[in-house]
$ cat structure.cif   # mmCIF, C-alpha atoms
data_structure
loop_
_atom_site.label_atom_id
_atom_site.label_comp_id
_atom_site.auth_asym_id
_atom_site.auth_seq_id
_atom_site.Cartn_x
_atom_site.Cartn_y
_atom_site.Cartn_z
CA MET A 268 62.90 160.40 314.70
CA ALA A 269 65.57 160.46 312.03
CA ASP A 270 68.22 157.76 311.97
CA THR A 271 71.54 158.97 313.19
CA GLU A 272 74.61 158.03 311.14
CA LYS A 273 76.87 155.51 312.78
CA PRO A 274 80.45 156.60 313.14
CA ASP A 275 83.03 154.78 310.98
CA LEU A 276 84.98 152.70 313.44
CA GLN A 277 87.48 151.45 310.83
CA PRO A 278 90.68 153.54 310.84
CA LYS A 279 91.58 154.91 307.46
CA ARG A 280 94.99 153.98 306.10
CA LYS A 281 97.20 156.89 305.31
CA GLY A 282 100.19 156.91 302.97
CA LEU A 283 101.68 154.06 300.97
CA THR A 284 101.46 150.42 301.89
CA ARG A 285 104.59 148.44 302.71
CA ARG A 286 104.49 146.76 299.31
CA GLN A 287 104.17 150.09 297.53
CA LYS A 288 107.11 151.47 299.49
CA ARG A 289 109.26 148.52 298.44
CA SER A 290 108.28 149.00 294.82
CA LEU A 291 109.02 152.72 295.01
CA SER A 292 112.40 152.10 296.65
CA ARG A 293 113.30 149.55 293.98
CA GLY A 294 112.25 151.93 291.23
CA ILE A 295 114.42 154.71 292.67
CA GLN A 296 117.42 152.35 292.83
CA TYR A 297 116.94 151.32 289.21
CA ALA A 298 116.62 154.95 288.15
CA VAL A 299 119.84 155.91 289.96
CA PHE A 300 121.68 152.99 288.38
CA VAL A 301 120.47 153.86 284.87
CA ALA A 302 121.39 157.51 285.43
CA ALA A 303 124.89 156.52 286.56
CA VAL A 304 125.38 154.30 283.48
CA ILE A 305 124.18 157.07 281.16
CA ALA A 306 126.45 159.62 282.87
CA PHE A 307 129.44 157.28 282.50
CA ALA A 308 128.63 156.59 278.85
CA VAL A 309 128.28 160.28 278.05
CA THR A 310 131.28 161.63 279.96
CA ALA A 311 133.84 158.85 279.29
CA ASP A 312 136.45 159.44 276.58
CA TRP A 313 135.86 156.25 274.61
CA GLY A 314 138.48 157.13 272.03
CA ARG A 315 141.28 157.25 274.59
CA LEU A 316 140.00 154.09 276.30
CA GLN A 317 139.96 152.21 273.01
CA ASN A 318 143.42 153.47 272.12
CA GLN A 319 144.86 152.33 275.48
CA PHE A 320 142.92 149.11 276.14
CA ALA A 321 141.47 147.82 272.86
CA GLN A 322 144.13 147.76 270.15
CA ALA A 323 143.09 144.84 267.97
CA ASP A 324 146.51 144.35 266.38
CA ILE A 325 148.20 144.05 269.79
CA GLY A 326 145.55 141.65 271.03
CA GLU A 327 145.90 139.44 267.94
CA ARG A 328 149.66 139.15 268.45
CA MET A 329 149.06 137.61 271.89
CA PHE A 330 147.42 134.53 270.38
CA PRO A 331 147.85 131.61 270.62
CA GLU A 332 150.62 132.06 273.21
CA VAL A 333 148.33 133.69 275.77
CA ILE A 334 146.32 130.44 275.80
CA THR A 335 148.96 127.78 275.14
CA LEU A 336 151.49 129.28 277.57
CA ALA A 337 150.06 131.84 280.03
CA LEU A 338 146.61 130.34 280.60
CA LYS A 339 148.03 126.82 280.65
CA ASN A 340 150.56 127.77 283.34
CA THR A 341 147.89 129.58 285.36
CA VAL A 342 145.63 126.51 285.34
CA LEU A 343 148.57 124.23 286.18
CA TYR A 344 149.65 126.42 289.11
CA THR A 345 146.08 126.56 290.39
CA VAL A 346 145.31 122.85 290.12
CA THR A 347 148.56 121.74 291.77
CA GLY A 348 148.17 124.33 294.54
CA PHE A 349 144.59 123.19 295.12
CA ALA A 350 145.68 119.55 295.33
CA VAL A 351 148.38 120.36 297.89
CA GLY A 352 146.00 122.56 299.87
CA LEU A 353 143.25 119.93 299.88
CA ALA A 354 145.57 117.16 301.09
CA LEU A 355 147.17 119.34 303.76
CA GLY A 356 143.82 120.85 304.74
CA MET A 357 142.36 117.39 305.29
CA VAL A 358 145.20 116.46 307.64
CA ILE A 359 144.87 119.73 309.57
CA ALA A 360 141.08 119.37 309.83
CA LEU A 361 141.43 115.88 311.31
CA MET A 362 144.07 117.18 313.73
CA ARG A 363 141.67 119.96 314.68
CA LEU A 364 139.01 117.35 315.52
CA SER A 365 141.44 115.00 317.27
CA SER A 366 141.04 114.09 320.91
CA VAL A 367 144.80 114.60 321.34
CA GLY A 368 145.40 118.09 322.73
CA PRO A 369 148.77 118.86 321.03
CA TYR A 370 147.32 117.97 317.62
CA ARG A 371 144.45 120.42 318.13
CA TRP A 372 146.84 123.10 319.34
CA LEU A 373 149.23 122.69 316.36
CA ALA A 374 146.34 122.74 313.89
CA GLY A 375 144.87 125.87 315.50
CA VAL A 376 148.22 127.68 315.40
CA TYR A 377 148.72 126.78 311.73
CA ILE A 378 145.24 127.98 310.77
CA GLU A 379 145.56 131.28 312.62
CA ILE A 380 149.01 132.03 311.17
CA PHE A 381 148.33 131.17 307.54
CA ARG A 382 144.88 132.75 307.50
CA GLY A 383 146.32 135.93 309.00
CA LEU A 384 149.34 136.34 306.71
CA PRO A 385 148.88 137.80 303.20
CA ALA A 386 149.52 135.30 300.42
CA LEU A 387 152.25 137.59 299.08
CA LEU A 388 154.34 137.05 302.22
CA ILE A 389 153.99 133.29 301.86
CA PHE A 390 155.31 133.47 298.29
CA ILE A 391 158.25 135.61 299.40
CA PHE A 392 158.95 133.20 302.25
CA ILE A 393 159.00 130.20 299.89
CA GLY A 394 161.12 132.01 297.30
CA VAL A 395 163.63 133.70 299.64
CA ALA A 396 163.56 132.34 303.18
CA VAL A 397 163.57 128.61 302.33
CA PRO A 398 166.71 128.77 300.10
CA LEU A 399 168.49 130.82 302.77
CA ALA A 400 167.52 128.44 305.56
CA PHE A 401 168.39 125.29 303.59
CA PRO A 402 171.28 126.12 301.20
CA GLY A 403 171.48 123.82 298.22
CA THR A 404 167.99 122.42 298.79
CA GLU A 405 165.69 122.49 295.78
CA ILE A 406 161.92 122.14 295.99
CA VAL A 407 160.74 119.34 293.73
CA GLY A 408 159.30 120.71 290.48
CA GLY A 409 161.23 123.98 290.45
CA THR A 410 158.98 127.00 290.05
CA TYR A 411 155.90 124.81 289.61
CA GLY A 412 156.67 123.07 292.89
CA LYS A 413 157.26 126.36 294.70
CA VAL A 414 153.96 127.80 293.48
CA ALA A 415 152.07 124.61 294.38
CA LEU A 416 153.59 124.70 297.87
CA ALA A 417 152.92 128.42 298.42
CA LEU A 418 149.32 128.24 297.18
CA GLY A 419 148.78 124.99 299.06
CA LEU A 420 149.99 126.44 302.37
CA VAL A 421 147.60 129.38 302.00
CA ALA A 422 144.64 127.30 300.82
CA ALA A 423 145.10 124.58 303.46
CA ALA A 424 144.32 126.98 306.31
CA TYR A 425 140.94 127.87 304.78
CA MET A 426 140.15 124.38 303.52
CA ALA A 427 140.89 122.87 306.93
CA GLU A 428 138.17 124.95 308.57
CA THR A 429 135.77 124.21 305.71
CA ILE A 430 136.42 120.46 305.95
CA ARG A 431 136.12 120.53 309.74
CA ALA A 432 132.75 122.26 309.49
CA GLY A 433 131.59 119.73 306.90
CA ILE A 434 132.60 116.78 309.07
CA GLN A 435 130.83 118.26 312.08
CA ALA A 436 127.71 118.86 309.95
CA VAL A 437 127.33 115.13 309.33
CA PRO A 438 124.88 113.73 311.93
CA LYS A 439 126.60 111.94 314.80
CA GLY A 440 124.30 109.00 314.26
CA GLN A 441 126.25 108.17 311.10
CA MET A 442 129.40 107.43 313.12
CA GLU A 443 127.42 105.49 315.71
CA ALA A 444 125.75 103.40 313.01
CA ALA A 445 129.11 102.65 311.39
CA ARG A 446 130.62 101.62 314.72
CA SER A 447 127.65 99.31 315.39
CA LEU A 448 128.40 97.58 312.08
CA GLY A 449 131.94 96.85 313.20
CA PHE A 450 133.77 99.77 311.55
CA SER A 451 136.81 101.16 313.34
CA PRO A 452 136.75 104.93 314.01
CA ALA A 453 139.33 105.56 311.27
CA ARG A 454 137.52 103.40 308.70
CA ALA A 455 134.16 104.94 309.57
CA MET A 456 135.64 108.42 309.12
CA VAL A 457 137.17 107.57 305.72
CA SER A 458 134.31 105.47 304.34
CA ILE A 459 131.21 107.09 305.86
CA ILE A 460 131.79 110.55 307.33
CA ILE A 461 134.24 112.22 304.94
CA PRO A 462 132.31 111.34 301.71
CA GLN A 463 129.15 112.86 303.21
CA ALA A 464 131.09 115.90 304.40
CA PHE A 465 132.47 116.53 300.91
CA ARG A 466 128.97 116.64 299.46
CA ILE A 467 128.26 119.46 301.90
CA ILE A 468 131.47 121.44 301.39
CA LEU A 469 131.85 121.07 297.62
CA PRO A 470 130.53 124.59 296.85
CA PRO A 471 132.89 126.42 299.28
CA LEU A 472 135.80 124.30 298.06
CA THR A 473 135.01 125.36 294.50
CA ASN A 474 134.98 128.97 295.68
CA GLU A 475 138.46 128.38 297.12
CA LEU A 476 139.56 127.12 293.69
CA VAL A 477 138.42 130.42 292.15
CA LEU A 478 140.38 132.39 294.75
CA LEU A 479 143.50 130.30 294.12
CA PHE A 480 143.14 130.91 290.39
CA LYS A 481 143.51 134.63 291.03
CA ASP A 482 146.22 134.22 293.70
CA SER A 483 148.37 132.41 291.14
CA SER A 484 149.28 135.87 289.81
CA LEU A 485 151.69 136.18 292.77
CA VAL A 486 154.04 133.73 291.07
CA LEU A 487 156.01 136.68 289.67
CA PHE A 488 157.55 137.20 293.14
CA LEU A 489 159.29 133.84 292.80
CA GLY A 490 161.14 134.92 289.68
CA VAL A 491 159.93 133.02 286.61
CA THR A 492 161.36 132.35 283.17
CA LEU A 493 159.58 133.30 279.96
CA GLU A 494 158.19 129.78 279.68
CA GLU A 495 156.87 129.83 283.27
CA ARG A 496 154.86 133.05 283.06
CA GLU A 497 151.18 133.02 284.00
CA LEU A 498 148.47 135.38 282.75
CA SER A 499 149.22 138.43 284.88
CA LYS A 500 152.98 138.31 284.33
CA TYR A 501 152.52 137.63 280.62
CA GLY A 502 150.09 140.53 280.21
CA ARG A 503 152.27 142.93 282.20
CA ASP A 504 155.40 142.09 280.21
CA LEU A 505 153.64 142.70 276.89
CA ALA A 506 152.07 145.89 278.21
CA SER A 507 155.56 147.19 279.03
CA GLN A 508 156.90 146.19 275.63
CA THR A 509 154.04 147.77 273.67
CA ALA A 510 153.43 150.75 276.01
CA ASN A 511 149.75 149.79 275.84
CA SER A 512 147.32 148.19 278.28
CA THR A 513 145.56 145.93 275.78
CA PRO A 514 147.54 142.83 276.93
CA ILE A 515 146.30 143.41 280.49
CA LEU A 516 142.69 143.52 279.27
CA VAL A 517 143.16 140.32 277.25
CA ALA A 518 144.73 138.61 280.29
CA GLY A 519 141.74 139.70 282.40
CA LEU A 520 139.32 138.22 279.86
CA CYS A 521 141.26 134.95 279.97
CA TYR A 522 140.78 134.88 283.75
CA LEU A 523 137.05 135.28 283.20
CA LEU A 524 137.06 132.27 280.87
CA ILE A 525 137.77 130.17 283.96
CA THR A 526 136.22 132.06 286.87
CA VAL A 527 132.81 132.75 285.30
CA PRO A 528 132.05 129.07 284.50
CA LEU A 529 133.35 128.06 287.93
CA GLY A 530 131.08 130.64 289.55
CA PHE A 531 128.13 129.21 287.61
CA VAL A 532 129.05 125.70 288.80
CA VAL A 533 129.18 126.91 292.41
CA ARG A 534 125.73 128.48 292.15
CA ARG A 535 124.29 125.31 290.65
CA MET A 536 125.80 123.15 293.39
CA GLU A 537 124.48 125.48 296.09
CA ALA A 538 121.01 125.40 294.54
CA LYS A 539 121.05 121.59 294.44
CA ALA A 540 122.25 121.45 298.03
CA GLN A 541 119.36 123.70 299.13
CA GLU A 542 116.87 121.55 297.22
CA ALA A 543 118.25 118.42 298.88
CA VAL A 544 117.76 120.01 302.32
CA LYS A 545 114.15 120.85 301.50
#
$ encode --input "structure.cif" --output "structure tokens"
Amino acid sequence: MADTEKPDLQPKRKGLTRRQKRSLSRGIQYAVFVAAVIAFAVTADWGRLQNQFAQADIGERMFPEVITLALKNTVLYTVTGFAVGLALGMVIALMRLSSVGPYRWLAGVYIEIFRGLPALLIFIFIGVAVPLAFPGTEIVGGTYGKVALALGLVAAAYMAETIRAGIQAVPKGQMEAARSLGFSPARAMVSIIIPQAFRIILPPLTNELVLLFKDSSLVLFLGVTLEERELSKYGRDLASQTANSTPILVAGLCYLLITVPLGFVVRRMEAKAQEAVK
């Protein structure tokens, strides 16, 4: 009697595997991207773009003033605003964590208001409403003080929540250990908890610095002199004078001189933080 063939009980796979589908999808995305770049390169009028945004003689005339004046003022506005925001944000974060109800309520109201309002309105408020409400009162530092205050008020609302999250991320055992060694709650917070929290929140704080660097362009709404102009105002003024957009492009590149390295620093700090967790 002839042997009968046994039926194949293994189901045959049909179609592409999951890995092959991912590879195909990625290939299609790359192809679409390359096609879009080629279409842009072919259809764009590079002559008109160069004439409007890349006039070498106009760009050369911006130096060294674009660095020694505009970029310097932008960095100064940003650093002072960040310092004010960090100090105020620390106070608000501690109020938010306080056991005293009114402190928590005031901190919550501040955070909700200043996170919800556009930064432009804060600048207008500092430049217009404060002089009207307090006639004859001058903010220390003139325009630099006004910008530091406006940027600081905006940044503090975001930094406060970041700092609060960092403090709460520190294990509770750290506070208990400090108290067992005789530390007061305030000293334990300053000496033990806050330093550990800052190691955690350093990357998001650096991101906030990048955002403030760009928000410094709102200084023009305060009314600045020629010597107080930052990059955006400086580039816009020259663009109006020359009827060309090259100064705006140069100003944008100067922004990138700061934001790109800061972005790299943030990524490095995040990578180190992830390695430390592992």
$ atom_distance --input "structure.cif" --atom1 "CA of Ile295 (chain A)" --atom2 "CA of Asp312 (chain A)"
27.7 Å
$ closest_residue --input "structure.cif" --among "A:Thr526, A:Thr473, A:Ser447, A:Asn511" --to "Ala321 (chain A)" --atoms "all atoms listed in the file"
A:Asn511
$ residues_around --input "structure.cif" --residues "region 419-429 of chain A" --least-positions-apart "4" --cutoff "6 Å" --atoms "only C-alpha atoms" --output "list of chain:residue names"
A:Gly348, A:Val351, A:Gly352, A:Leu355, A:Gly356, A:Met357, A:Ile359, A:Ala360, A:Ile378, A:Phe381, A:Arg382, A:Ala415
$ resolve_selection --input "structure.cif" --expression "the PyMOL selection byres ((chain A and resi 521-525) around 8)" --output "list in words"
Ile334, Leu338, Lys481, Leu498, Val517, Ala518, Gly519, Leu520, Thr526, Val527, Pro528 and Leu529 of chain A
$ write_last_selection --input "structure.cif" --atoms "C-alpha atoms" --output "CSV table (one decimal), keeping the file's coordinate frame"
chain,number,residue,atom,x,y,z
A,334,ILE,CA,146.3,130.4,275.8
A,338,LEU,CA,146.6,130.3,280.6
A,481,LYS,CA,143.5,134.6,291.0
A,498,LEU,CA,148.5,135.4,282.8
A,517,VAL,CA,143.2,140.3,277.2
A,518,ALA,CA,144.7,138.6,280.3
A,519,GLY,CA,141.7,139.7,282.4
A,520,LEU,CA,139.3,138.2,279.9
A,526,THR,CA,136.2,132.1,286.9
A,527,VAL,CA,132.8,132.8,285.3
A,528,PRO,CA,132.0,129.1,284.5
A,529,LEU,CA,133.4,128.1,287.9
$ residues_around --input "structure.cif" --residues "Leu489 (chain A)" --least-positions-apart "2" --cutoff "10 Å" --atoms "all atoms listed in the file" --output "list in words"
Phe390, Ile391, Phe392, Ile393, Gly394, Val395, Thr410, Lys413, Val414, Leu485, Val486, Leu487, Val491 and Thr492 of chain A
$ atom_distance --input "structure.cif" --atom1 "CA of Leu472 (chain A)" --atom2 "CA of Leu353 (chain A)"
8.8 Å
$ atom_distance --input "structure.cif" --atom1 "CA of Ile468 (chain A)" --atom2 "CA of Ala538 (chain A)"
13.1 Å
$ closest_residue --input "structure.cif" --among "A:Leu361, A:Ala311, A:Leu478, A:Val397" --to "Ile461 (chain A)" --atoms "only C-alpha atoms"
A:Leu361
